[in-house]
Amino acid sequence: MSISREEFHDEMLDIKDPLRYDESISEINYFEYTPQTQANNNSPSHQIKIDINAQDTYTLPSRSYISITGQILRADNNNPYTADREITLINNAMMFLFSSIKYELGSTTIETINFPGQITSMLGYLTYPDDFSTSAGLKCCWSKDTTNNANSKKFNNSRRVANVAAGQAVPEIPEAFFTPSENPDYNQGFAVRKAHLFNSDPLGCFTFHISLEHIFGFAEYKKLVYGLKHTLTLTRSSDTEALFRSDMPANGKVHINDIVWNMPQVQMSPEYQSSLRSIIEQKEPIPLYFRASLRSIIEQKEPIPLYFRARTSEQTPLTQTQKQTWRLSVTGGVEKPRWIIIGFQTARSSTQQQNPAVFDHLDLTNAYVTLNSVRFPIRDLNNNYTKNDYMKLYDGFDAFKQDYHGISSLVGGTQVNVSAFKSLFPIIVFDVRKQNEQLKSGVVDIQVRLEFGTAVPAQTMAYAVIISDRVFKLSSDGKNMSVMSM
């Protein structure tokens with residue numbers, strides 16, 4: 001058996017390497033786009049629509065972000081809270097302010113995320129690095145909870161020394177009498193978010209920036225989009241899920257002052273712009289693919305689809321039994337499911353004393369999905385949370401970041417450790433990328449099978465994210481752009 005060999009040399013020997021530089025982009029400027037009116041920002045069920053009519057501009061949606069400015073107030077009198085009140089925004093609160101977020105290009109819906117609070121929270125716990133909560137995360141209201149309590153007090157008060165009458169001897173104070181003890185109910189994420197809000201004047205003010213990639217899979221598409229209208233539609237929900245408080249403060253509300261979509265516009269150098277314009281004017285289908293470079297598109301002129309890993313979100317109430325079957329809706333055509341992600345919540349959305357940014361394991365013992373009756377995984381999990389036997393589920397959770405983003409756990413680990421997975425973030429990940437011949441003609445039926453050690457409690461909801469391939473292409477009539485299905 002011969003072994004293929006190829007000689008190469010160390011790059012330190014390339015002493016005549018040419019200088020490489022990039023002058024293809026002359027400018028990138030952010031422009032602000034707002035709804036026609038900000039008067040309905042706080043009306044539940046109201047659709048807040050932002051349009052970008054980019055008829056003759058090159059936009060870069062993957063680097064756009066939403067800016068939300070507002071304040072938390074008492075619901076009974078519209079006054080700010082005092083700093084001693086145990087109330088703040090929940091983790092990822094800006095997403096919990098909306099029941100649905102939709103992205104359109106031209107007249108085509110590219111992606112819709114329902115229940116964006118729970119859905120983006122699950123994906124965030126799976127993908128963000130372990131230091132995100134303590135660094136850049138707070139810019140989008142992300143500082144994950146460390147317990148299930150609305151408590152910002154890290155230490156318990158030490159005991160008081162008894163009063164001693166004049167002339168009497170002071171009793172001996174035992175060793176470690178004043179040693180502070182940690183408060184087991186302390187929630188670091190709650191404390192960080194509260195400290196941020198109550199460090200403003202007036203108290204409770206905020207401005208957060210939420211990147212498009214936090215919401216949509218479409219943000220994986222890193223290329224320019226030319227001449228298309230962009231529309232972002234956010235459907236406002238109530239404030240109940242966005243606030244988390246102890247039993248002492250009165251109910252609060254979130255007053256949104258402004259919502260702004262910041263979209264970058266790109267100016268290319270003249271030679272690049274003229275080459276791209278010639279493709280458009282020749283009425284050729286424009287190949288756009290998030291792994292292809294603009295230069296290769298221009299030079300090769302090969303039809304490549306606009307491809308990204310779309311997110312489809314679903315929710316269902318669970319019955320009070322030990323076995324459940326959940327049939328997920330299927331988008332037809334060329335879409336192929338690649339991952340299915342599941343989370344459970346019991347009584348977490350009814351009051352502001354409940355926290356919908358964390359999840360419940362429900363004593364899950366086994367779970368699998370079927371695609372056209374093909375099972376993933378093929379073997380039972382035999383999960384037992386009581387005995388701490390849940391490493392198969394944690395392995396799937398931990399592997400997602402490397403499988404989806406290609407980031408090794410040695411480079412950037414998950415932000416959820418083993419114990420926190422059980423108590424706060426028991427999110428189930430089904431990897432269904434490896435599909436046999438039976439599924440190549442298209443998936444028409446997806447079912448989730450769940451088994452629990454005890455009956456599911458009342459008021460339990462299940463949330464699902466289906467990550468699948470979605471394909472479009474952009475075409476031109478020589479003047480205007482349009483989005484076409486493959």
# chains A, B, ... in the order shown; residues from 1 in each chain; ligands from 1
$ select_by_dssp --residues "segment 45-269 of chain A" --states "strand (DSSP E or B)" --output "number ranges by chain"
A: 47-53, 58-59, 65-74, 87-89, 98-105, 108-114, 129, 155-156, 181-182, 205-211, 225-226, 229-236, 243-245, 252-268
$ residues_around --residues "segment 113-128 of chain A" --least-positions-apart "3" --cutoff "6 Å" --atoms "only C-alpha atoms" --output "number ranges by chain"
A: 95-96, 99-101, 313, 401
$ write_last_selection --atoms "C-alpha atoms" --output "PDB file, in the first residue's frame"
ATOM      1  CA  MET A  95     -36.049  39.255  23.642  1.00  0.00           C
ATOM      2  CA  PHE A  96     -38.756  38.509  26.210  1.00  0.00           C
ATOM      3  CA  SER A  99     -43.669  37.414  21.116  1.00  0.00           C
ATOM      4  CA  SER A 100     -42.379  37.227  17.537  1.00  0.00           C
ATOM      5  CA  ILE A 101     -39.628  38.749  15.378  1.00  0.00           C
ATOM      6  CA  SER A 313     -39.387  27.779  16.773  1.00  0.00           C
ATOM      7  CA  LYS A 401     -20.712  24.578  20.087  1.00  0.00           C
TER       8      LYS A 401
END
$ residues_around --residues "segment 381-398 of chain A" --least-positions-apart "5" --cutoff "6 Å" --atoms "only C-alpha atoms" --output "PyMOL selection string"
chain A and resi 365-366+429
$ write_last_selection --atoms "C-alpha atoms" --output "compact mmCIF listing (two decimals), in the first residue's frame"
# COMPACT_ATOMS: atom_id res chain seq x y z
CA THR A 365 -35.47 9.63 31.74
CA ASN A 366 -35.43 9.17 27.97
CA VAL A 429 -29.77 18.68 21.80
$ residues_around --residues "segment 193-201 of chain A" --least-positions-apart "2" --cutoff "8 Å" --atoms "only C-alpha atoms" --output "ChimeraX atom specification"
/A:83,87-91,138,141,143,152,189-191,203-206
$ select_by_dssp --residues "segment 54-251 of chain A" --states "helix (DSSP H, G or I)" --output "PyMOL selection string"
chain A and resi 61-63+93-96+116-127+132-134+136-140+188-197+212-214+217-220+240-242
$ write_last_selection --atoms "C-alpha atoms" --output "PDB file, in the first residue's frame"
ATOM      1  CA  PRO A  61     -27.305  42.696   7.574  1.00  0.00           C
ATOM      2  CA  SER A  62     -25.053  40.262   9.438  1.00  0.00           C
ATOM      3  CA  ARG A  63     -23.404  43.180  11.263  1.00  0.00           C
ATOM      4  CA  ALA A  93     -34.814  40.479  28.746  1.00  0.00           C
ATOM      5  CA  MET A  94     -35.009  42.418  25.466  1.00  0.00           C
ATOM      6  CA  MET A  95     -36.049  39.255  23.642  1.00  0.00           C
ATOM      7  CA  PHE A  96     -38.756  38.509  26.210  1.00  0.00           C
ATOM      8  CA  PRO A 116     -37.760  34.764  20.957  1.00  0.00           C
ATOM      9  CA  GLY A 117     -37.063  34.993  24.700  1.00  0.00           C
ATOM     10  CA  GLN A 118     -36.910  31.254  25.323  1.00  0.00           C
ATOM     11  CA  ILE A 119     -35.530  30.402  21.877  1.00  0.00           C
ATOM     12  CA  THR A 120     -32.577  32.829  21.883  1.00  0.00           C
ATOM     13  CA  SER A 121     -31.870  31.985  25.537  1.00  0.00           C
ATOM     14  CA  MET A 122     -31.492  28.279  24.722  1.00  0.00           C
ATOM     15  CA  LEU A 123     -29.218  29.033  21.778  1.00  0.00           C
ATOM     16  CA  GLY A 124     -27.230  31.533  23.838  1.00  0.00           C
ATOM     17  CA  TYR A 125     -26.533  29.018  26.610  1.00  0.00           C
ATOM     18  CA  LEU A 126     -25.376  26.568  23.949  1.00  0.00           C
ATOM     19  CA  THR A 127     -23.078  28.890  22.013  1.00  0.00           C
ATOM     20  CA  PHE A 132     -19.572  36.130  28.013  1.00  0.00           C
ATOM     21  CA  SER A 133     -21.753  36.832  31.060  1.00  0.00           C
ATOM     22  CA  THR A 134     -18.921  38.649  32.817  1.00  0.00           C
ATOM     23  CA  ALA A 136     -19.505  41.761  26.675  1.00  0.00           C
ATOM     24  CA  GLY A 137     -22.774  40.005  27.471  1.00  0.00           C
ATOM     25  CA  LEU A 138     -24.225  42.874  29.481  1.00  0.00           C
ATOM     26  CA  LYS A 139     -24.410  45.079  26.377  1.00  0.00           C
ATOM     27  CA  CYS A 140     -27.375  42.931  25.271  1.00  0.00           C
ATOM     28  CA  GLN A 188     -24.842  36.606  40.546  1.00  0.00           C
ATOM     29  CA  GLY A 189     -26.543  37.269  37.207  1.00  0.00           C
ATOM     30  CA  PHE A 190     -29.480  38.959  38.947  1.00  0.00           C
ATOM     31  CA  ALA A 191     -27.073  41.094  41.003  1.00  0.00           C
ATOM     32  CA  VAL A 192     -25.058  42.194  37.943  1.00  0.00           C
ATOM     33  CA  ARG A 193     -28.142  43.152  35.949  1.00  0.00           C
ATOM     34  CA  LYS A 194     -29.643  44.992  38.931  1.00  0.00           C
ATOM     35  CA  ALA A 195     -26.415  46.888  39.659  1.00  0.00           C
ATOM     36  CA  HIS A 196     -26.284  48.021  36.036  1.00  0.00           C
ATOM     37  CA  LEU A 197     -29.871  49.309  36.019  1.00  0.00           C
ATOM     38  CA  LEU A 212     -28.935  40.303  14.430  1.00  0.00           C
ATOM     39  CA  GLU A 213     -26.956  37.071  14.872  1.00  0.00           C
ATOM     40  CA  HIS A 214     -28.373  36.742  18.394  1.00  0.00           C
ATOM     41  CA  GLY A 217     -29.702  32.171  11.573  1.00  0.00           C
ATOM     42  CA  PHE A 218     -29.784  34.427   8.500  1.00  0.00           C
ATOM     43  CA  ALA A 219     -27.052  36.502  10.166  1.00  0.00           C
ATOM     44  CA  GLU A 220     -24.633  33.703   9.219  1.00  0.00           C
ATOM     45  CA  THR A 240     -44.410  39.949  32.737  1.00  0.00           C
ATOM     46  CA  GLU A 241     -41.673  37.705  31.356  1.00  0.00           C
ATOM     47  CA  ALA A 242     -39.063  40.468  31.088  1.00  0.00           C
TER      48      ALA A 242
END
$ closest_residue --among "A:Leu60, A:Val416, A:Ala169, A:Leu232" --to "Trp261 of chain A" --atoms "only C-alpha atoms"
A:Leu232
$ closest_residue --among "A:Gln459, A:Gln402, A:Thr82, A:Asn156" --to "Ala250 of chain A" --atoms "only C-alpha atoms"
A:Thr82
$ closest_residue --among "A:Val369, A:Ile25, A:Ala464, A:Ile446" --to "Glu314 of chain A" --atoms "only C-alpha atoms"
A:Ala464
$ residues_around --residues "segment 176-186 of chain A" --least-positions-apart "6" --cutoff "6 Å" --atoms "only C-alpha atoms" --output "list in words"
Asn149, Asn151, Ser152, Lys153, Lys154, Phe155, Asn156 and Ser158 of chain A
$ closest_atom_pairs --of "segment 385-434 of chain A" --to "segment 349-359 of chain A" --cutoff "8 Å" --atoms "only C-alpha atoms" --output "tab-separated table"
residue	atom	partner	partner_atom	distance
A:Leu424	CA	A:Val358	CA	5.3
A:Phe425	CA	A:Phe359	CA	5.3
A:Pro426	CA	A:Phe359	CA	6.3
A:Ile427	CA	A:Phe359	CA	7.6
$ write_last_selection --atoms "N, CA and C atoms" --output "compact mmCIF listing (two decimals), in the first residue's frame"
# COMPACT_ATOMS: atom_id res chain seq x y z
N LEU A 424 -30.44 24.50 36.23
CA LEU A 424 -30.93 25.71 35.57
C LEU A 424 -31.08 25.61 34.06
N PHE A 425 -30.23 24.82 33.40
CA PHE A 425 -30.19 24.85 31.94
C PHE A 425 -30.18 23.45 31.32
N PRO A 426 -31.13 22.57 31.67
CA PRO A 426 -31.15 21.22 31.10
C PRO A 426 -31.74 21.20 29.69
N ILE A 427 -30.96 21.65 28.74
CA ILE A 427 -31.41 21.80 27.35
C ILE A 427 -30.95 20.58 26.56
